$ cat query_21.cif   # mmCIF, C-alpha atoms and all ligand atoms
data_target
#
loop_
_atom_site.label_atom_id
_atom_site.label_comp_id
_atom_site.auth_asym_id
_atom_site.auth_seq_id
_atom_site.Cartn_x
_atom_site.Cartn_y
_atom_site.Cartn_z
CA MET A 1 1.63 46.09 -4.22
CA GLU A 2 1.60 44.05 -1.08
CA THR A 3 -1.50 41.98 -0.46
CA VAL A 4 -2.83 42.32 3.05
CA ILE A 5 -4.97 39.45 4.22
CA THR A 6 -7.61 40.63 6.63
CA ALA A 7 -10.48 38.74 8.16
CA ALA A 8 -12.66 40.05 5.35
CA THR A 9 -10.43 38.79 2.52
CA ALA A 10 -9.14 35.58 4.14
CA GLN A 11 -10.34 32.40 2.49
CA PRO A 12 -12.91 30.42 4.43
CA ALA A 13 -11.79 26.97 5.61
CA THR A 14 -11.71 25.02 2.36
CA GLN A 15 -14.11 22.17 1.82
CA ASP A 16 -12.70 18.75 0.93
CA PHE A 17 -12.99 18.80 -2.87
CA LEU A 18 -12.13 15.10 -3.09
CA PRO A 19 -14.06 13.25 -0.36
CA LEU A 20 -12.72 9.68 -0.20
CA GLN A 21 -14.53 6.83 1.55
CA GLY A 22 -11.40 4.70 1.80
CA THR A 23 -9.39 2.26 -0.30
CA ASP A 24 -11.66 0.36 -2.70
CA TYR A 25 -9.09 -2.17 -3.92
CA VAL A 26 -5.43 -2.72 -4.77
CA GLU A 27 -4.71 -4.20 -8.20
CA PHE A 28 -1.46 -6.00 -8.95
CA TYR A 29 -0.17 -6.73 -12.45
CA VAL A 30 1.50 -10.12 -12.16
CA GLY A 31 3.07 -12.74 -14.39
CA ASN A 32 0.67 -15.50 -13.35
CA ALA A 33 -2.54 -14.33 -11.68
CA LYS A 34 -3.83 -17.87 -11.12
CA GLN A 35 -0.82 -18.75 -8.99
CA ALA A 36 -0.67 -15.34 -7.30
CA ALA A 37 -4.33 -15.67 -6.24
CA HIS A 38 -3.51 -19.09 -4.78
CA PHE A 39 -0.61 -17.56 -2.82
CA TYR A 40 -2.70 -14.75 -1.33
CA LYS A 41 -5.51 -17.17 -0.44
CA THR A 42 -3.19 -19.78 1.05
CA ALA A 43 -0.65 -17.57 2.79
CA PHE A 44 -2.73 -14.49 3.71
CA GLY A 45 -6.22 -16.00 4.02
CA PHE A 46 -8.02 -14.08 1.28
CA GLN A 47 -11.35 -15.47 0.02
CA SER A 48 -12.34 -15.97 -3.62
CA LEU A 49 -14.70 -13.23 -4.77
CA ALA A 50 -14.85 -12.59 -8.52
CA TYR A 51 -13.23 -13.49 -11.82
CA ALA A 52 -12.95 -11.90 -15.27
CA GLY A 53 -11.37 -13.41 -18.37
CA PRO A 54 -12.23 -15.05 -21.68
CA GLU A 55 -15.17 -16.89 -20.06
CA THR A 56 -16.73 -13.53 -19.13
CA GLY A 57 -16.06 -11.92 -22.51
CA ILE A 58 -12.68 -10.33 -21.68
CA LYS A 59 -10.22 -11.67 -24.22
CA ASP A 60 -6.88 -10.06 -23.46
CA ARG A 61 -6.44 -10.64 -19.70
CA VAL A 62 -7.63 -12.47 -16.62
CA SER A 63 -8.32 -10.96 -13.20
CA TYR A 64 -8.97 -12.74 -9.93
CA VAL A 65 -10.58 -10.71 -7.15
CA ILE A 66 -9.99 -11.86 -3.58
CA ARG A 67 -11.24 -10.35 -0.34
CA GLN A 68 -10.72 -10.44 3.39
CA ASN A 69 -12.98 -8.14 5.44
CA LYS A 70 -12.59 -4.66 3.87
CA LEU A 71 -9.44 -5.65 2.02
CA THR A 72 -9.82 -6.35 -1.72
CA PHE A 73 -6.96 -7.39 -3.98
CA VAL A 74 -7.19 -7.85 -7.75
CA LEU A 75 -4.55 -9.97 -9.49
CA THR A 76 -4.34 -9.40 -13.23
CA THR A 77 -2.31 -11.08 -15.98
CA PRO A 78 -2.31 -10.24 -19.70
CA LEU A 79 -3.04 -13.15 -22.05
CA CYS A 80 -0.95 -11.91 -24.96
CA SER A 81 2.29 -9.99 -25.43
CA GLN A 82 0.51 -7.17 -27.35
CA ASN A 83 -1.34 -6.16 -24.20
CA PRO A 84 0.51 -3.15 -22.66
CA MET A 85 0.17 -4.91 -19.28
CA ALA A 86 2.83 -7.30 -20.57
CA ASP A 87 5.25 -4.35 -20.96
CA HIS A 88 4.43 -3.27 -17.41
CA ILE A 89 5.35 -6.70 -16.06
CA TYR A 90 8.45 -6.94 -18.26
CA LYS A 91 9.69 -3.62 -16.87
CA HIS A 92 8.58 -3.75 -13.24
CA GLY A 93 8.04 -7.41 -12.44
CA ASP A 94 4.98 -8.16 -10.30
CA GLY A 95 3.76 -5.04 -8.52
CA VAL A 96 0.97 -2.65 -7.63
CA LYS A 97 -0.59 -0.94 -10.65
CA ILE A 98 -3.81 0.51 -9.21
CA LEU A 99 -4.59 2.04 -5.83
CA ALA A 100 -8.37 2.37 -6.22
CA LEU A 101 -10.26 4.81 -4.01
CA LYS A 102 -13.94 4.64 -3.15
CA VAL A 103 -15.86 7.84 -3.90
CA GLU A 104 -19.45 9.09 -3.91
CA ASP A 105 -19.05 10.67 -7.37
CA ALA A 106 -16.36 9.35 -9.71
CA ALA A 107 -17.08 11.89 -12.47
CA ASP A 108 -16.61 14.76 -10.03
CA ALA A 109 -13.43 13.19 -8.56
CA TRP A 110 -11.98 13.10 -12.08
CA LYS A 111 -13.07 16.68 -12.80
CA GLN A 112 -11.69 18.01 -9.50
CA THR A 113 -8.31 16.32 -9.89
CA THR A 114 -7.70 16.81 -13.62
CA SER A 115 -8.70 20.49 -13.37
CA ARG A 116 -5.96 20.82 -10.72
CA GLY A 117 -3.30 19.30 -12.95
CA ALA A 118 -3.67 15.52 -12.70
CA ARG A 119 -2.95 13.55 -15.87
CA SER A 120 -6.05 11.56 -16.87
CA TYR A 121 -5.76 7.77 -16.99
CA GLN A 122 -9.44 7.03 -17.50
CA GLU A 123 -12.21 9.48 -18.30
CA PRO A 124 -15.39 8.79 -16.32
CA VAL A 125 -17.10 5.70 -17.72
CA THR A 126 -20.31 3.99 -16.59
CA LEU A 127 -20.21 0.20 -16.56
CA ALA A 128 -23.54 -1.61 -16.29
CA ASP A 129 -24.89 -5.13 -15.99
CA ALA A 130 -27.90 -6.83 -14.40
CA ASP A 131 -26.58 -5.89 -10.93
CA GLY A 132 -26.58 -2.15 -11.57
CA GLU A 133 -24.21 0.61 -12.59
CA LEU A 134 -20.69 1.44 -11.50
CA VAL A 135 -18.77 4.58 -12.50
CA LEU A 136 -14.98 4.53 -12.86
CA SER A 137 -12.44 7.25 -13.57
CA GLY A 138 -8.72 7.54 -12.97
CA ILE A 139 -5.55 9.61 -12.84
CA HIS A 140 -1.84 8.87 -12.99
CA THR A 141 0.36 9.20 -9.91
CA TYR A 142 4.07 8.39 -9.34
CA GLY A 143 5.81 6.08 -11.83
CA ASP A 144 3.34 3.91 -13.74
CA THR A 145 1.00 3.75 -10.75
CA VAL A 146 -2.62 4.85 -11.07
CA HIS A 147 -5.47 6.00 -8.80
CA LEU A 148 -8.88 4.85 -9.94
CA PHE A 149 -11.99 6.47 -8.45
CA VAL A 150 -14.74 3.91 -7.96
CA GLU A 151 -18.38 4.90 -7.47
CA ARG A 152 -20.30 1.77 -6.55
CA LYS A 153 -23.35 3.14 -4.73
CA ASN A 154 -25.67 1.93 -7.52
CA TYR A 155 -24.00 -1.46 -7.94
CA GLN A 156 -24.99 -4.66 -6.13
CA GLY A 157 -22.81 -7.24 -7.92
CA ALA A 158 -19.82 -9.13 -6.47
CA PHE A 159 -17.19 -6.71 -7.82
CA MET A 160 -17.93 -4.84 -11.06
CA PRO A 161 -19.51 -5.39 -14.47
CA GLY A 162 -17.39 -7.76 -16.57
CA PHE A 163 -16.72 -9.99 -13.54
CA ARG A 164 -18.63 -13.01 -12.36
CA LYS A 165 -18.70 -14.56 -8.92
CA TRP A 166 -15.67 -16.81 -8.37
CA LYS A 167 -16.66 -19.90 -6.44
CA THR A 168 -13.96 -22.34 -5.37
CA LEU A 169 -13.83 -25.45 -3.24
CA TYR A 170 -10.43 -24.40 -1.90
CA GLN A 171 -11.04 -21.80 0.76
CA PRO A 172 -8.43 -21.45 3.52
CA GLU A 173 -9.37 -19.70 6.76
CA GLU A 174 -8.94 -15.93 7.06
CA THR A 175 -5.99 -14.61 9.08
CA GLY A 176 -7.64 -11.54 10.66
CA LEU A 177 -6.51 -8.94 8.11
CA LEU A 178 -9.05 -6.12 8.06
CA TYR A 179 -8.32 -3.17 5.77
CA VAL A 180 -5.56 -1.09 4.15
CA ASP A 181 -3.97 1.16 6.79
CA HIS A 182 -1.61 2.96 4.38
CA CYS A 183 0.24 2.50 1.07
CA VAL A 184 3.79 3.77 0.68
CA GLY A 185 5.27 5.06 -2.57
CA ASN A 186 9.00 5.10 -3.36
CA VAL A 187 9.98 8.00 -5.62
CA GLY A 188 13.27 9.06 -7.18
CA TRP A 189 16.02 11.39 -5.96
CA ASN A 190 14.64 14.89 -5.18
CA GLN A 191 11.12 13.84 -6.18
CA MET A 192 9.49 13.58 -2.74
CA ASP A 193 8.44 17.23 -2.53
CA ARG A 194 7.09 17.15 -6.07
CA TRP A 195 4.75 14.29 -5.10
CA VAL A 196 3.89 15.89 -1.76
CA LYS A 197 2.76 18.92 -3.76
CA PHE A 198 0.81 16.67 -6.14
CA TYR A 199 -1.15 15.12 -3.28
CA GLU A 200 -1.70 18.56 -1.73
CA ASP A 201 -2.69 20.47 -4.86
CA VAL A 202 -4.35 17.80 -6.96
CA MET A 203 -6.01 15.62 -4.30
CA GLY A 204 -6.35 18.00 -1.33
CA PHE A 205 -4.22 15.85 1.00
CA ARG A 206 -2.20 17.25 3.91
CA ASN A 207 1.36 16.45 4.96
CA ILE A 208 0.77 15.09 8.50
CA LEU A 209 4.28 13.81 9.34
CA SER A 210 7.79 14.23 7.96
CA PHE A 211 10.96 12.27 8.55
CA ASP A 212 14.34 13.42 7.32
CA ASP A 213 17.54 11.44 6.92
CA ASN A 214 18.44 12.14 10.57
CA ASP A 215 15.29 10.28 11.64
CA ILE A 216 15.70 7.45 9.15
CA SER A 217 19.31 6.49 8.89
CA THR A 218 21.65 3.77 10.06
CA GLU A 219 25.40 3.77 9.93
CA TYR A 220 25.18 2.95 6.22
CA SER A 221 22.03 4.10 4.52
CA ALA A 222 19.25 6.65 4.69
CA LEU A 223 15.90 7.73 3.34
CA MET A 224 13.43 10.57 3.76
CA SER A 225 9.67 10.25 4.11
CA LYS A 226 6.57 12.47 4.22
CA VAL A 227 3.16 11.11 5.14
CA MET A 228 0.22 12.46 3.13
CA SER A 229 -3.34 12.04 4.42
CA ASN A 230 -6.71 12.89 2.93
CA GLY A 231 -9.17 15.08 4.88
CA ASN A 232 -10.94 12.34 6.88
CA GLY A 233 -7.72 10.34 7.41
CA PHE A 234 -9.11 7.19 5.70
CA VAL A 235 -6.40 7.29 3.02
CA LYS A 236 -2.73 7.74 3.89
CA PHE A 237 0.12 7.70 1.39
CA PRO A 238 3.63 8.10 2.82
CA ILE A 239 6.15 9.08 0.12
CA ASN A 240 9.79 7.96 0.44
CA GLU A 241 12.85 9.15 -1.41
CA PRO A 242 16.42 7.85 -1.04
CA ALA A 243 19.01 9.90 0.84
CA GLU A 244 22.79 9.89 0.66
CA GLY A 245 24.54 7.48 3.00
CA LYS A 246 27.78 5.55 3.09
CA LYS A 247 26.05 2.74 1.21
CA LYS A 248 23.00 2.26 -0.97
CA SER A 249 19.58 3.33 0.33
CA GLN A 250 16.90 0.63 0.42
CA VAL A 251 14.74 3.02 -1.65
CA GLU A 252 17.45 3.10 -4.31
CA GLU A 253 17.57 -0.69 -4.38
CA TYR A 254 13.80 -0.69 -4.92
CA LEU A 255 14.05 1.89 -7.73
CA ASP A 256 16.77 -0.18 -9.43
CA TYR A 257 14.79 -3.42 -9.33
CA TYR A 258 11.32 -2.00 -9.96
CA ASP A 259 12.95 0.04 -12.75
CA GLY A 260 11.29 3.24 -11.55
CA GLU A 261 8.98 4.68 -8.95
CA GLY A 262 6.23 2.56 -7.45
CA CYS A 263 4.43 1.20 -4.43
CA GLN A 264 6.90 -0.04 -1.79
CA HIS A 265 4.56 -1.52 0.78
CA VAL A 266 0.92 -1.87 1.65
CA ALA A 267 0.14 -1.89 5.38
CA LEU A 268 -2.65 -4.27 6.37
CA ALA A 269 -4.48 -3.73 9.66
CA THR A 270 -5.39 -6.41 12.18
CA ASN A 271 -7.02 -6.36 15.63
CA ASP A 272 -4.85 -9.20 16.93
CA ILE A 273 -1.35 -9.04 15.53
CA VAL A 274 -0.01 -12.01 17.53
CA LYS A 275 -2.73 -14.28 16.18
CA THR A 276 -2.49 -12.92 12.62
CA VAL A 277 1.31 -13.14 12.40
CA THR A 278 1.38 -16.62 13.98
CA GLU A 279 -1.06 -17.73 11.30
CA LEU A 280 0.80 -16.00 8.45
CA ARG A 281 4.10 -17.49 9.57
CA ASN A 282 2.63 -20.99 9.78
CA ARG A 283 1.46 -20.55 6.19
CA GLY A 284 4.91 -19.62 4.92
CA VAL A 285 4.97 -15.81 4.96
CA GLU A 286 8.53 -14.65 5.72
CA PHE A 287 9.17 -11.65 7.97
CA LEU A 288 12.16 -9.41 8.64
CA GLN A 289 13.83 -10.29 11.93
CA VAL A 290 15.28 -7.81 14.40
CA PRO A 291 17.97 -8.93 16.88
CA SER A 292 16.75 -10.15 20.29
CA SER A 293 18.52 -7.13 21.86
CA TYR A 294 15.58 -5.08 20.48
CA TYR A 295 13.38 -6.62 23.21
CA ALA A 296 15.82 -6.15 26.10
CA ASP A 297 14.77 -2.54 26.78
CA LEU A 298 11.48 -2.47 24.89
CA LEU A 299 9.23 -1.82 27.89
CA GLY A 300 11.64 0.83 29.15
CA ARG A 301 11.20 2.58 25.82
CA VAL A 302 7.45 2.17 25.19
CA GLY A 303 6.05 1.72 28.72
CA HIS A 304 3.23 -0.65 29.61
CA ILE A 305 1.60 -2.64 26.81
CA ASP A 306 -1.32 -5.09 27.03
CA GLU A 307 0.51 -7.89 25.20
CA ASP A 308 2.94 -10.43 26.66
CA LEU A 309 6.48 -9.70 25.56
CA ARG A 310 7.39 -13.31 24.83
CA PRO A 311 5.15 -13.93 21.77
CA LEU A 312 6.12 -10.52 20.39
CA GLU A 313 9.79 -11.48 20.64
CA GLU A 314 9.21 -14.96 19.24
CA LEU A 315 7.41 -13.53 16.23
CA GLY A 316 9.63 -10.44 15.83
CA ILE A 317 6.79 -7.94 16.26
CA LEU A 318 7.91 -4.33 16.84
CA VAL A 319 6.28 -1.81 19.19
CA ASP A 320 6.31 1.98 19.19
CA ARG A 321 4.49 4.67 21.16
CA ASP A 322 3.41 8.21 20.37
CA ASP A 323 1.35 10.83 22.26
CA GLU A 324 -1.92 9.05 21.54
CA GLY A 325 -1.09 5.43 22.24
CA TYR A 326 1.03 2.65 20.79
CA LEU A 327 1.21 0.43 17.75
CA LEU A 328 2.53 -3.04 16.92
CA GLN A 329 3.97 -3.73 13.49
CA ILE A 330 6.01 -6.22 11.47
CA PHE A 331 7.23 -6.28 7.88
CA THR A 332 7.34 -9.18 5.44
CA LYS A 333 10.27 -9.82 3.19
CA PRO A 334 9.55 -8.85 -0.45
CA VAL A 335 6.81 -11.10 -1.83
CA GLU A 336 8.39 -11.38 -5.28
CA ASP A 337 11.88 -12.40 -6.39
CA ARG A 338 12.76 -8.82 -7.20
CA PRO A 339 13.37 -6.98 -3.90
CA THR A 340 10.42 -4.63 -4.42
CA LEU A 341 6.93 -4.83 -2.89
CA PHE A 342 6.43 -6.08 0.67
CA PHE A 343 3.65 -5.92 3.26
CA GLU A 344 3.40 -4.46 6.73
CA ILE A 345 1.03 -5.95 9.31
CA ILE A 346 -0.06 -3.30 11.81
CA GLN A 347 -2.22 -3.15 14.91
CA ARG A 348 -2.95 0.33 16.23
CA LYS A 349 -3.77 0.85 19.89
CA GLY A 350 -4.37 4.58 19.79
CA ALA A 351 -1.19 5.56 17.97
CA LYS A 352 -1.71 7.33 14.64
CA SER A 353 1.98 7.44 13.71
CA PHE A 354 4.16 5.04 11.70
CA GLY A 355 6.70 3.50 14.09
CA LYS A 356 9.48 6.07 14.03
CA GLY A 357 11.09 4.42 17.08
CA ASN A 358 11.48 1.22 15.06
CA PHE A 359 13.08 2.73 11.97
CA LYS A 360 16.66 2.07 13.00
CA ALA A 361 16.20 -1.59 14.03
CA LEU A 362 14.05 -2.17 11.00
CA PHE A 363 16.39 -0.61 8.49
CA GLU A 364 19.31 -2.51 9.91
CA ALA A 365 17.29 -5.67 9.32
CA ILE A 366 16.63 -4.56 5.73
CA GLU A 367 20.33 -3.82 5.26
CA ARG A 368 21.24 -7.35 6.30
CA GLU A 369 18.94 -8.59 3.52
CA GLN A 370 20.34 -6.06 1.03
CA GLU A 371 23.86 -7.18 1.96
CA GLN A 372 22.96 -10.82 1.23
CA ARG A 373 21.70 -9.75 -2.20
CA GLY A 374 24.96 -7.85 -2.82
CA ASN A 375 23.06 -4.54 -3.07
CA LEU A 376 24.24 -2.57 -0.07
FE FE2 B 1 4.31 1.48 6.75
#

$ encode --input "query_21.cif" --output "structure tokens" --more "lines below"
Ligand code: FE2
Amino acid sequence: METVITAATAQPATQDFLPLQGTDYVEFYVGNAKQAAHFYKTAFGFQSLAYAGPETGIKDRVSYVIRQNKLTFVLTTPLCSQNPMADHIYKHGDGVKILALKVEDAADAWKQTTSRGARSYQEPVTLADADGELVLSGIHTYGDTVHLFVERKNYQGAFMPGFRKWKTLYQPEETGLLYVDHCVGNVGWNQMDRWVKFYEDVMGFRNILSFDDNDISTEYSALMSKVMSNGNGFVKFPINEPAEGKKKSQVEEYLDYYDGEGCQHVALATNDIVKTVTELRNRGVEFLQVPSSYYADLLGRVGHIDEDLRPLEELGILVDRDDEGYLLQIFTKPVEDRPTLFFEIIQRKGAKSFGKGNFKALFEAIEREQEQRGNL
């Protein structure tokens, strides 16, 4: 029998069953957390925040927590080969393990998501010390990547129980990085829609933008992308999958070298991209370069912008416009030897999109790098 939906039987507008307050932190499993922390402090301007390891009663790993404004990174290294983290690093190299999300109620976040089909990573657990209580729970997402739900409303310490304040004499200046704008996941062939459905069904996200291989292709390679956003828009996870082209997709190169699905890039917001990128470049961060022809007709394409064109061209900053405004963005080269994770620096001036107008120039720049690695 056919079901007729009338006003009386229609569902009311659904409530957000997983209210997220934003990204809490990004945790990287790395081969040498001490050196990685130094790199992110020196090159990106993060500040020392907290430390956990043998000195704080944690025997099998060390973690350094660094912060810049609302941006918190955790760099973790296992101290022995028996620790499963060592297998993670052996397989994937350095990369993002945990995309932690700040919630009001971590037990409820776990219940809501696991009851909708998420695979549990961590049942709700309350951690306590003299600074209060913090509740953690977690679920698996694509590849070996994990979402932790962090409830810290009753915790006043530097980071979380088990950590102590990390004080250092060496403290480079910040570079103006503010918060995580979005985190992109690369998934395997034909897996994009599966993960879109996961974020819709399990986490209550919506697909706000889609790009097919006609939008994102060059003469040689292609990919497809769908942007998932939570209800309040604080958390955005674009999902990429490779597409057929004459040569190898950049997503495929990532999957080969990461040995599976994982986080491709984390976009970091700034309010002054020229100042931030000048600073990052002076400190040794390497960026993808587009040809100078990109700037020849830039203003014809995007219209008036507040910034001078010259510093944008000198630094290689890209500009794109949508109905609501414009954005400035630039991409680093991979920050490890494997061509896997990289960062985007983004300044939004009204635009809520992701730089579709830059895809072609950008992907041609990536292809030149792929070509040099012999992977195109
Ligand atoms: Fe991005």

$ residues_near_ligand --input "query_21.cif" --ligand "ligand FE2 1 (chain B)" --cutoff "10 Å" --atoms "all atoms listed in the file" --output "PyMOL selection string"
chain A and resi 181-184+227+236-238+264-268+329-331+342-346+353-355

$ residues_around --input "query_21.cif" --residues "Asn358 of chain A" --least-positions-apart "4" --cutoff "7 Å" --atoms "only C-alpha atoms" --output "list in words"
Leu318, Asp320 and Leu362 of chain A

$ residues_around --input "query_21.cif" --residues "segment 32-40 of chain A" --least-positions-apart "4" --cutoff "9 Å" --atoms "only C-alpha atoms" --output "ChimeraX atom specification"
/A:28,44-48,62-66,73-78

$ residues_around --input "query_21.cif" --residues "Tyr220 of chain A" --least-positions-apart "6" --cutoff "12 Å" --atoms "all atoms listed in the file" --output "MDAnalysis selection string"
chainID A and resid 213 243:250 360 363:364 366:368 370:371 376

$ atom_distance --input "query_21.cif" --atom1 "atom CA of Asp201 of chain A" --atom2 "atom CA of Gly117 of chain A"
8.2 Å

$ residues_around --input "query_21.cif" --residues "Gly176 of chain A" --least-positions-apart "2" --cutoff "10 Å" --atoms "all atoms listed in the file" --output "NGL selection string"
:A and (44-46 or 68-69 or 173-174 or 178-179 or 268-273 or 275-277 or 279-280)

$ atom_distance --input "query_21.cif" --atom1 "atom CA of Tyr121 of chain A" --atom2 "atom CA of Leu209 of chain A"
28.8 Å

$ residues_around --input "query_21.cif" --residues "Tyr155 of chain A" --least-positions-apart "4" --cutoff "12 Å" --atoms "only C-alpha atoms" --output "ChimeraX atom specification"
/A:126-136,150-151,159-161

$ closest_residue --input "query_21.cif" --among "A:Tyr257, A:Thr141, A:Asp94, A:Glu313" --to "Asp297 of chain A" --atoms "all atoms listed in the file"
A:Glu313

$ closest_residue --input "query_21.cif" --among "A:Val187, A:Leu312, A:Ala351, A:Leu71" --to "Tyr258 of chain A" --atoms "only C-alpha atoms"
A:Val187

$ closest_residue --input "query_21.cif" --among "A:Val290, A:Leu327, A:Ile239, A:Ala109" --to "Arg194 of chain A" --atoms "all atoms listed in the file"
A:Ile239

$ residues_near_point --input "query_21.cif" --point "(14.6, 11.8, -9.6)" --cutoff "10 Å" --atoms "all atoms listed in the file" --output "list in words"
Val187, Gly188, Trp189, Asn190, Gln191, Met192, Arg194, Glu241, Pro242, Gly260 and Glu261 of chain A

$ write_last_selection --input "query_21.cif" --atoms "C-alpha atoms" --output "PDB file, in the frame of the given file"
ATOM      1  CA  VAL A 187       9.980   8.000  -5.620  1.00  0.00           C
ATOM      2  CA  GLY A 188      13.270   9.060  -7.180  1.00  0.00           C
ATOM      3  CA  TRP A 189      16.020  11.390  -5.960  1.00  0.00           C
ATOM      4  CA  ASN A 190      14.640  14.890  -5.180  1.00  0.00           C
ATOM      5  CA  GLN A 191      11.120  13.840  -6.180  1.00  0.00           C
ATOM      6  CA  MET A 192       9.490  13.580  -2.740  1.00  0.00           C
ATOM      7  CA  ARG A 194       7.090  17.150  -6.070  1.00  0.00           C
ATOM      8  CA  GLU A 241      12.850   9.150  -1.410  1.00  0.00           C
ATOM      9  CA  PRO A 242      16.420   7.850  -1.040  1.00  0.00           C
ATOM     10  CA  GLY A 260      11.290   3.240 -11.550  1.00  0.00           C
ATOM     11  CA  GLU A 261       8.980   4.680  -8.950  1.00  0.00           C
TER      12      GLU A 261
END

$ atom_distance --input "query_21.cif" --atom1 "atom CA of Gly185 of chain A" --atom2 "atom CA of Leu328 of chain A"
21.3 Å

$ closest_residue --input "query_21.cif" --among "A:Arg164, A:Arg338, A:Lys102, A:Arg310" --to "Val235 of chain A" --atoms "only C-alpha atoms"
A:Lys102

$ decode --input "query_21.cif" --residues "segment 236-242 of chain A" --atoms "all heavy atoms" --output "PDB file, in the first residue's frame"
ATOM      1  N   LYS A 236      32.859  21.002   9.291  1.00  0.00           N
ATOM      2  CA  LYS A 236      32.661  20.663   7.875  1.00  0.00           C
ATOM      3  C   LYS A 236      33.709  19.634   7.438  1.00  0.00           C
ATOM      4  O   LYS A 236      34.903  19.836   7.637  1.00  0.00           O
ATOM      5  CB  LYS A 236      32.753  21.923   7.019  1.00  0.00           C
ATOM      6  CG  LYS A 236      31.549  22.853   7.230  1.00  0.00           C
ATOM      7  CD  LYS A 236      31.543  24.055   6.310  1.00  0.00           C
ATOM      8  CE  LYS A 236      32.515  25.130   6.675  1.00  0.00           C
ATOM      9  NZ  LYS A 236      32.291  25.859   7.907  1.00  0.00           N
ATOM     10  N   PHE A 237      33.219  18.544   6.872  1.00  0.00           N
ATOM     11  CA  PHE A 237      34.081  17.463   6.415  1.00  0.00           C
ATOM     12  C   PHE A 237      33.838  17.185   4.931  1.00  0.00           C
ATOM     13  O   PHE A 237      32.951  16.392   4.595  1.00  0.00           O
ATOM     14  CB  PHE A 237      33.803  16.171   7.192  1.00  0.00           C
ATOM     15  CG  PHE A 237      34.153  16.211   8.657  1.00  0.00           C
ATOM     16  CD1 PHE A 237      33.315  15.620   9.584  1.00  0.00           C
ATOM     17  CD2 PHE A 237      35.319  16.804   9.099  1.00  0.00           C
ATOM     18  CE1 PHE A 237      33.636  15.619  10.938  1.00  0.00           C
ATOM     19  CE2 PHE A 237      35.654  16.817  10.447  1.00  0.00           C
ATOM     20  CZ  PHE A 237      34.807  16.221  11.377  1.00  0.00           C
ATOM     21  N   PRO A 238      34.568  17.801   4.019  1.00  0.00           N
ATOM     22  CA  PRO A 238      34.479  17.368   2.623  1.00  0.00           C
ATOM     23  C   PRO A 238      35.058  15.958   2.465  1.00  0.00           C
ATOM     24  O   PRO A 238      36.022  15.590   3.153  1.00  0.00           O
ATOM     25  CB  PRO A 238      35.342  18.393   1.873  1.00  0.00           C
ATOM     26  CG  PRO A 238      35.409  19.581   2.787  1.00  0.00           C
ATOM     27  CD  PRO A 238      35.413  18.984   4.178  1.00  0.00           C
ATOM     28  N   ILE A 239      34.433  15.161   1.601  1.00  0.00           N
ATOM     29  CA  ILE A 239      34.894  13.788   1.340  1.00  0.00           C
ATOM     30  C   ILE A 239      35.267  13.697  -0.141  1.00  0.00           C
ATOM     31  O   ILE A 239      34.447  13.981  -1.012  1.00  0.00           O
ATOM     32  CB  ILE A 239      33.759  12.766   1.602  1.00  0.00           C
ATOM     33  CG1 ILE A 239      33.131  12.956   2.988  1.00  0.00           C
ATOM     34  CG2 ILE A 239      34.265  11.339   1.417  1.00  0.00           C
ATOM     35  CD1 ILE A 239      33.992  12.542   4.124  1.00  0.00           C
ATOM     36  N   ASN A 240      36.494  13.290  -0.417  1.00  0.00           N
ATOM     37  CA  ASN A 240      36.972  13.137  -1.802  1.00  0.00           C
ATOM     38  C   ASN A 240      37.080  11.667  -2.188  1.00  0.00           C
ATOM     39  O   ASN A 240      37.500  10.854  -1.367  1.00  0.00           O
ATOM     40  CB  ASN A 240      38.414  13.659  -1.960  1.00  0.00           C
ATOM     41  CG  ASN A 240      38.541  15.149  -1.786  1.00  0.00           C
ATOM     42  OD1 ASN A 240      37.593  15.895  -1.957  1.00  0.00           O
ATOM     43  ND2 ASN A 240      39.750  15.588  -1.446  1.00  0.00           N
ATOM     44  N   GLU A 241      36.782  11.366  -3.445  1.00  0.00           N
ATOM     45  CA  GLU A 241      37.177  10.053  -3.962  1.00  0.00           C
ATOM     46  C   GLU A 241      37.830  10.258  -5.329  1.00  0.00           C
ATOM     47  O   GLU A 241      37.551  11.252  -6.014  1.00  0.00           O
ATOM     48  CB  GLU A 241      36.003   9.072  -4.021  1.00  0.00           C
ATOM     49  CG  GLU A 241      35.129   9.165  -5.246  1.00  0.00           C
ATOM     50  CD  GLU A 241      34.157   7.981  -5.373  1.00  0.00           C
ATOM     51  OE1 GLU A 241      33.526   7.594  -4.383  1.00  0.00           O
ATOM     52  OE2 GLU A 241      34.025   7.462  -6.495  1.00  0.00           O
ATOM     53  N   PRO A 242      38.729   9.361  -5.730  1.00  0.00           N
ATOM     54  CA  PRO A 242      39.387   9.531  -7.023  1.00  0.00           C
ATOM     55  C   PRO A 242      38.385   9.334  -8.158  1.00  0.00           C
ATOM     56  O   PRO A 242      37.335   8.715  -7.960  1.00  0.00           O
ATOM     57  CB  PRO A 242      40.451   8.420  -7.056  1.00  0.00           C
ATOM     58  CG  PRO A 242      40.071   7.444  -6.006  1.00  0.00           C
ATOM     59  CD  PRO A 242      39.186   8.144  -5.028  1.00  0.00           C
TER      60      PRO A 242
END
